[in-house]
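Visitor: Structure: my_file.cif, mmCIF, N, CA and C atoms.
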```
data_upload
#
loop_
_atom_site.label_atom_id
_atom_site.label_comp_id
_atom_site.auth_asym_id
_atom_site.auth_seq_id
_atom_site.Cartn_x
_atom_site.Cartn_y
_atom_site.Cartn_z
N MET G 10 0.82 -1.20 0.00
CA MET G 10 0.00 0.00 0.00
C MET G 10 0.86 1.25 0.00
N ALA G 11 1.99 1.24 0.70
CA ALA G 11 2.85 2.42 0.75
C ALA G 11 3.34 2.79 -0.64
N GLY G 12 3.66 1.83 -1.47
CA GLY G 12 4.14 2.13 -2.81
C GLY G 12 3.03 2.56 -3.75
N SER G 13 1.81 2.08 -3.54
CA SER G 13 0.74 2.41 -4.47
C SER G 13 0.27 3.85 -4.34
N ALA G 14 0.34 4.44 -3.15
CA ALA G 14 -0.11 5.82 -2.97
C ALA G 14 0.76 6.78 -3.77
N GLY G 15 2.05 6.48 -3.89
CA GLY G 15 2.95 7.36 -4.62
C GLY G 15 2.69 7.35 -6.11
N ALA G 16 2.14 6.29 -6.64
CA ALA G 16 1.93 6.17 -8.08
C ALA G 16 0.51 6.55 -8.49
N GLU G 17 -0.34 6.77 -7.53
CA GLU G 17 -1.76 7.03 -7.81
C GLU G 17 -1.96 8.47 -8.25
N ALA G 18 -2.77 8.67 -9.28
CA ALA G 18 -3.10 10.01 -9.75
C ALA G 18 -4.34 10.51 -9.02
N PHE G 19 -4.44 11.83 -8.88
CA PHE G 19 -5.59 12.39 -8.19
C PHE G 19 -6.85 12.19 -9.03
N SER G 20 -7.92 11.81 -8.36
CA SER G 20 -9.19 11.58 -9.05
C SER G 20 -10.30 12.33 -8.35
N LEU G 21 -11.23 12.84 -9.12
CA LEU G 21 -12.39 13.54 -8.58
C LEU G 21 -13.63 12.67 -8.60
N ASP G 22 -13.45 11.38 -8.88
CA ASP G 22 -14.59 10.46 -8.90
C ASP G 22 -15.25 10.39 -7.53
N GLY G 23 -16.55 10.55 -7.50
CA GLY G 23 -17.32 10.38 -6.29
C GLY G 23 -17.24 11.51 -5.29
N VAL G 24 -16.70 12.67 -5.65
CA VAL G 24 -16.57 13.76 -4.69
C VAL G 24 -17.74 14.73 -4.73
N VAL G 25 -18.59 14.62 -5.73
CA VAL G 25 -19.69 15.58 -5.88
C VAL G 25 -20.93 15.09 -5.15
N ASP G 26 -21.45 15.97 -4.28
CA ASP G 26 -22.67 15.69 -3.54
C ASP G 26 -23.81 16.45 -4.21
N PRO G 27 -24.77 15.75 -4.81
CA PRO G 27 -25.85 16.46 -5.52
C PRO G 27 -26.72 17.30 -4.58
N GLN G 28 -26.67 17.03 -3.27
CA GLN G 28 -27.46 17.78 -2.30
C GLN G 28 -26.78 19.08 -1.88
N SER G 29 -25.52 19.25 -2.21
CA SER G 29 -24.77 20.44 -1.80
C SER G 29 -25.21 21.65 -2.61
N PRO G 30 -25.25 22.82 -1.97
CA PRO G 30 -25.57 24.04 -2.72
C PRO G 30 -24.42 24.50 -3.62
N LEU G 31 -23.24 23.90 -3.45
CA LEU G 31 -22.09 24.28 -4.27
C LEU G 31 -22.17 23.65 -5.66
N ARG G 32 -21.63 24.38 -6.62
CA ARG G 32 -21.53 23.83 -7.97
C ARG G 32 -20.53 22.67 -7.97
N GLU G 33 -20.63 21.86 -8.98
CA GLU G 33 -19.75 20.68 -9.11
C GLU G 33 -18.29 21.08 -9.06
N ARG G 34 -17.90 22.10 -9.83
CA ARG G 34 -16.49 22.52 -9.87
C ARG G 34 -16.03 22.98 -8.49
N ASP G 35 -16.88 23.71 -7.77
CA ASP G 35 -16.51 24.19 -6.44
C ASP G 35 -16.28 23.02 -5.49
N GLN G 36 -17.13 22.02 -5.55
CA GLN G 36 -16.95 20.84 -4.72
C GLN G 36 -15.65 20.11 -5.08
N GLN G 37 -15.35 20.05 -6.37
CA GLN G 37 -14.13 19.39 -6.82
C GLN G 37 -12.89 20.15 -6.36
N MET G 38 -12.96 21.47 -6.36
CA MET G 38 -11.83 22.26 -5.88
C MET G 38 -11.57 22.01 -4.40
N LEU G 39 -12.63 21.96 -3.62
CA LEU G 39 -12.48 21.68 -2.20
C LEU G 39 -11.94 20.26 -1.98
N ALA G 40 -12.38 19.33 -2.80
CA ALA G 40 -11.87 17.95 -2.70
C ALA G 40 -10.38 17.91 -2.99
N LEU G 41 -9.94 18.66 -3.98
CA LEU G 41 -8.51 18.72 -4.30
C LEU G 41 -7.74 19.29 -3.12
N GLU G 42 -8.24 20.37 -2.54
CA GLU G 42 -7.56 20.98 -1.40
C GLU G 42 -7.53 20.05 -0.19
N ARG G 43 -8.55 19.25 -0.05
CA ARG G 43 -8.66 18.35 1.09
C ARG G 43 -7.60 17.25 1.04
N SER G 44 -7.25 16.78 -0.16
CA SER G 44 -6.40 15.58 -0.18
C SER G 44 -5.37 15.53 -1.31
N TRP G 45 -4.98 16.62 -1.91
CA TRP G 45 -4.03 16.58 -3.02
C TRP G 45 -2.69 16.01 -2.59
N TRP G 46 -2.28 16.22 -1.35
CA TRP G 46 -0.97 15.80 -0.88
C TRP G 46 -0.82 14.29 -0.80
N LYS G 47 -1.91 13.55 -0.88
CA LYS G 47 -1.84 12.09 -0.81
C LYS G 47 -1.41 11.46 -2.13
N TYR G 48 -1.36 12.24 -3.18
CA TYR G 48 -1.14 11.71 -4.52
C TYR G 48 0.16 12.20 -5.11
N SER G 49 0.63 11.48 -6.12
CA SER G 49 1.89 11.85 -6.75
C SER G 49 1.69 13.03 -7.69
N GLY G 50 2.79 13.69 -8.01
CA GLY G 50 2.76 14.77 -8.98
C GLY G 50 2.58 16.13 -8.34
N ALA G 51 2.83 17.14 -9.14
CA ALA G 51 2.73 18.51 -8.66
C ALA G 51 1.27 18.95 -8.63
N LYS G 52 0.94 19.72 -7.61
CA LYS G 52 -0.42 20.22 -7.47
C LYS G 52 -0.78 21.11 -8.66
N GLU G 53 0.16 21.91 -9.13
CA GLU G 53 -0.11 22.81 -10.26
C GLU G 53 -0.49 22.03 -11.51
N GLN G 54 0.16 20.88 -11.71
CA GLN G 54 -0.18 20.05 -12.86
C GLN G 54 -1.58 19.46 -12.70
N ALA G 55 -1.92 19.04 -11.50
CA ALA G 55 -3.27 18.51 -11.24
C ALA G 55 -4.31 19.59 -11.49
N ILE G 56 -4.02 20.82 -11.11
CA ILE G 56 -4.95 21.94 -11.35
C ILE G 56 -5.17 22.11 -12.84
N ARG G 57 -4.09 22.10 -13.61
CA ARG G 57 -4.22 22.25 -15.08
C ARG G 57 -5.00 21.08 -15.67
N ASP G 58 -4.69 19.87 -15.23
CA ASP G 58 -5.33 18.67 -15.78
C ASP G 58 -6.82 18.61 -15.42
N LEU G 59 -7.15 18.89 -14.16
CA LEU G 59 -8.51 18.72 -13.68
C LEU G 59 -9.44 19.89 -14.02
N PHE G 60 -8.89 21.11 -14.00
CA PHE G 60 -9.75 22.28 -14.14
C PHE G 60 -9.45 23.11 -15.39
N GLY G 61 -8.36 22.81 -16.07
CA GLY G 61 -8.03 23.54 -17.29
C GLY G 61 -7.75 25.01 -17.05
N MET G 62 -7.14 25.32 -15.91
CA MET G 62 -6.82 26.71 -15.61
C MET G 62 -5.43 26.79 -14.99
N SER G 63 -4.87 27.98 -15.02
CA SER G 63 -3.56 28.18 -14.41
C SER G 63 -3.70 28.14 -12.89
N ALA G 64 -2.60 27.94 -12.21
CA ALA G 64 -2.61 27.93 -10.75
C ALA G 64 -3.07 29.28 -10.22
N THR G 65 -2.66 30.36 -10.87
CA THR G 65 -3.08 31.70 -10.43
C THR G 65 -4.59 31.85 -10.49
N SER G 66 -5.18 31.45 -11.59
CA SER G 66 -6.64 31.54 -11.73
C SER G 66 -7.34 30.65 -10.71
N TYR G 67 -6.80 29.45 -10.52
CA TYR G 67 -7.37 28.51 -9.57
C TYR G 67 -7.42 29.12 -8.17
N TYR G 68 -6.30 29.70 -7.74
CA TYR G 68 -6.25 30.26 -6.39
C TYR G 68 -7.14 31.49 -6.24
N GLN G 69 -7.32 32.25 -7.31
CA GLN G 69 -8.25 33.38 -7.26
C GLN G 69 -9.68 32.87 -7.04
N VAL G 70 -10.06 31.84 -7.78
CA VAL G 70 -11.39 31.25 -7.63
C VAL G 70 -11.53 30.61 -6.25
N LEU G 71 -10.51 29.89 -5.82
CA LEU G 71 -10.55 29.23 -4.52
C LEU G 71 -10.71 30.24 -3.39
N ASN G 72 -9.97 31.34 -3.45
CA ASN G 72 -10.08 32.35 -2.40
C ASN G 72 -11.47 32.96 -2.34
N ALA G 73 -12.08 33.19 -3.47
CA ALA G 73 -13.47 33.68 -3.47
C ALA G 73 -14.41 32.60 -2.92
N LEU G 74 -14.16 31.35 -3.29
CA LEU G 74 -15.01 30.24 -2.85
C LEU G 74 -14.98 30.08 -1.34
N ILE G 75 -13.81 30.14 -0.71
CA ILE G 75 -13.75 29.89 0.72
C ILE G 75 -14.34 31.04 1.54
N ASP G 76 -14.65 32.13 0.90
CA ASP G 76 -15.33 33.24 1.59
C ASP G 76 -16.84 33.08 1.61
N THR G 77 -17.36 32.05 0.93
CA THR G 77 -18.81 31.88 0.86
C THR G 77 -19.34 31.03 2.01
N GLU G 78 -20.57 31.31 2.40
CA GLU G 78 -21.23 30.52 3.44
C GLU G 78 -21.52 29.11 2.95
N GLU G 79 -21.75 28.96 1.64
CA GLU G 79 -22.02 27.63 1.08
C GLU G 79 -20.81 26.71 1.23
N ALA G 80 -19.63 27.25 0.96
CA ALA G 80 -18.41 26.45 1.12
C ALA G 80 -18.19 26.09 2.58
N LEU G 81 -18.46 27.04 3.47
CA LEU G 81 -18.31 26.78 4.90
C LEU G 81 -19.27 25.69 5.36
N ALA G 82 -20.49 25.72 4.85
CA ALA G 82 -21.47 24.69 5.20
C ALA G 82 -21.08 23.33 4.61
N HIS G 83 -20.51 23.33 3.42
CA HIS G 83 -20.13 22.09 2.74
C HIS G 83 -19.01 21.35 3.46
N ASP G 84 -17.97 22.07 3.88
CA ASP G 84 -16.82 21.45 4.54
C ASP G 84 -16.21 22.45 5.53
N PRO G 85 -16.82 22.60 6.70
CA PRO G 85 -16.41 23.64 7.64
C PRO G 85 -14.95 23.54 8.09
N MET G 86 -14.47 22.36 8.39
CA MET G 86 -13.09 22.24 8.88
C MET G 86 -12.08 22.63 7.81
N LEU G 87 -12.30 22.18 6.59
CA LEU G 87 -11.38 22.51 5.50
C LEU G 87 -11.40 24.00 5.21
N VAL G 88 -12.59 24.59 5.10
CA VAL G 88 -12.70 26.01 4.76
C VAL G 88 -12.07 26.86 5.86
N LYS G 89 -12.29 26.52 7.11
CA LYS G 89 -11.66 27.28 8.20
C LYS G 89 -10.14 27.15 8.15
N ARG G 90 -9.65 25.95 7.84
CA ARG G 90 -8.20 25.77 7.73
C ARG G 90 -7.63 26.60 6.58
N LEU G 91 -8.31 26.59 5.43
CA LEU G 91 -7.84 27.36 4.29
C LEU G 91 -7.88 28.86 4.58
N ARG G 92 -8.89 29.31 5.28
CA ARG G 92 -8.97 30.73 5.68
C ARG G 92 -7.82 31.09 6.61
N ARG G 93 -7.52 30.21 7.58
CA ARG G 93 -6.41 30.47 8.51
C ARG G 93 -5.08 30.53 7.77
N LEU G 94 -4.86 29.59 6.85
CA LEU G 94 -3.63 29.60 6.08
C LEU G 94 -3.49 30.87 5.26
N ARG G 95 -4.57 31.30 4.65
CA ARG G 95 -4.56 32.53 3.85
C ARG G 95 -4.21 33.73 4.73
N THR G 96 -4.83 33.81 5.90
CA THR G 96 -4.56 34.93 6.81
C THR G 96 -3.10 34.92 7.27
N THR G 97 -2.58 33.74 7.59
CA THR G 97 -1.18 33.62 8.01
C THR G 97 -0.25 34.09 6.90
N ARG G 98 -0.52 33.68 5.68
CA ARG G 98 0.32 34.09 4.54
C ARG G 98 0.23 35.59 4.30
N GLN G 99 -0.98 36.16 4.41
CA GLN G 99 -1.14 37.60 4.22
C GLN G 99 -0.35 38.38 5.27
N ARG G 100 -0.42 37.92 6.51
CA ARG G 100 0.32 38.60 7.59
C ARG G 100 1.82 38.51 7.36
N ALA G 101 2.29 37.35 6.91
CA ALA G 101 3.72 37.19 6.65
C ALA G 101 4.17 38.12 5.51
N ARG G 102 3.36 38.22 4.46
CA ARG G 102 3.71 39.12 3.35
C ARG G 102 3.74 40.57 3.82
N THR G 103 2.77 40.96 4.62
CA THR G 103 2.71 42.32 5.14
C THR G 103 3.92 42.60 6.01
N ALA G 104 4.28 41.65 6.86
CA ALA G 104 5.44 41.83 7.73
C ALA G 104 6.72 41.98 6.92
N ARG G 105 6.85 41.19 5.86
CA ARG G 105 8.04 41.30 5.01
C ARG G 105 8.11 42.66 4.34
N ARG G 106 6.97 43.16 3.88
CA ARG G 106 6.93 44.48 3.23
C ARG G 106 7.28 45.59 4.23
N MET G 107 6.85 45.40 5.46
CA MET G 107 7.08 46.42 6.48
C MET G 107 8.49 46.29 7.09
N GLY G 108 9.17 45.19 6.76
CA GLY G 108 10.51 44.98 7.28
C GLY G 108 10.55 44.48 8.70
N THR G 109 9.46 43.84 9.14
CA THR G 109 9.42 43.28 10.49
C THR G 109 9.13 41.81 10.42
N ASP G 110 9.32 41.11 11.51
CA ASP G 110 8.96 39.70 11.60
C ASP G 110 7.63 39.60 12.31
N ALA G 111 6.72 38.78 11.72
CA ALA G 111 5.41 38.63 12.35
C ALA G 111 5.36 37.42 13.22
#
```
Let me see the file written as structure tokens.
Guide:
Amino acid sequence: MAGSAGAEAFSLDGVVDPQSPLRERDQQMLALERSWWKYSGAKEQAIRDLFGMSATSYYQVLNALIDTEEALAHDPMLVKRLRRLRTTRQRARTARRMGTDA
């Protein structure tokens, strides 16, 4: 099993909940964020393969998505974690610009 996880490609099969208020693509994006690290290959390549967009565009859409109440209701722990990570990164960037350590 340890060797098979490294060779496995990321799949979006079975991640869409028809009862969710989120669109299919939004659910798939959250699924990728939830478990991309378990699979082989670069995340940026998976983004291009799965969604047909650049990493920059993906993260712009993702950041808007995690600000919605629908995303929070769909996967509260993941969305809160992604919001925390975003805030931490923003603070670090601000501190670097200001010439201080945060």
Visitor: Applied to the shown file, which residues does the PyMOL selection byres (((chain G and resi 55-60 and name CA) around 9) and name CA) return, written as a PyMOL selection string?
Guide: chain G and resi 18-21+34+37-38+41+45+50-54+61-64+67
Visitor: Please report as a tab-separated table every residue of segment 27-54 of chain G lying within 8 Å of segment 72-81 of chain G, along with the nearest atom pair and their distance in Å (one decimal), using all atoms listed in the file.
Guide:
```
residue	atom	partner	partner_atom	distance
G:Ser29	C	G:Glu79	CA	7.7
G:Pro30	C	G:Glu79	CA	6.1
G:Leu31	N	G:Glu79	C	6.0
G:Asp35	CA	G:Leu74	CA	7.2
```
Visitor: So that I can check the secondary structure, give me every residue of chain G assigned helix (DSSP H, G or I) by backbone DSSP, as JSON, numbers by chain.
Guide: {"G": [11, 12, 13, 14, 15, 16, 33, 34, 35, 36, 37, 38, 39, 40, 41, 42, 43, 44, 45, 46, 47, 52, 53, 54, 55, 56, 57, 58, 59, 60, 64, 65, 66, 67, 68, 69, 70, 71, 72, 73, 74, 78, 79, 80, 81, 82, 83, 85, 86, 87, 88, 89, 90, 91, 92, 93, 94, 95, 96, 97, 98, 99, 100, 101, 102, 103, 104, 105, 106, 107]}
Visitor: How many Å separate atom CA of Asp22 of chain G from atom CA of Arg93 of chain G?
Guide: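 So the two atoms, atom CA of Asp22 of chain G and atom CA of Arg93 of chain G, lie 27.8 Å apart.
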Visitor: Could you please determine the separation between atom C of His83 of chain G and atom C of Leu71 of chain G in Å, to one decimal place?
Guide: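 These two atoms are separated by 14.0 Å.
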Visitor: Of the candidates G:Thr96, G:Val70, G:Gln36, G:Arg102, which one gets nearest to Ala82 of chain G if we count only C-alpha atoms?
Guide: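 Nearest to Ala82 of chain G: G:Gln36.
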Visitor: Could you tell me how far atom CA of Thr97 of chain G lies from atom CA of Lys47 of chain G, in Å and to one decimal?
Guide: 23.3 Å
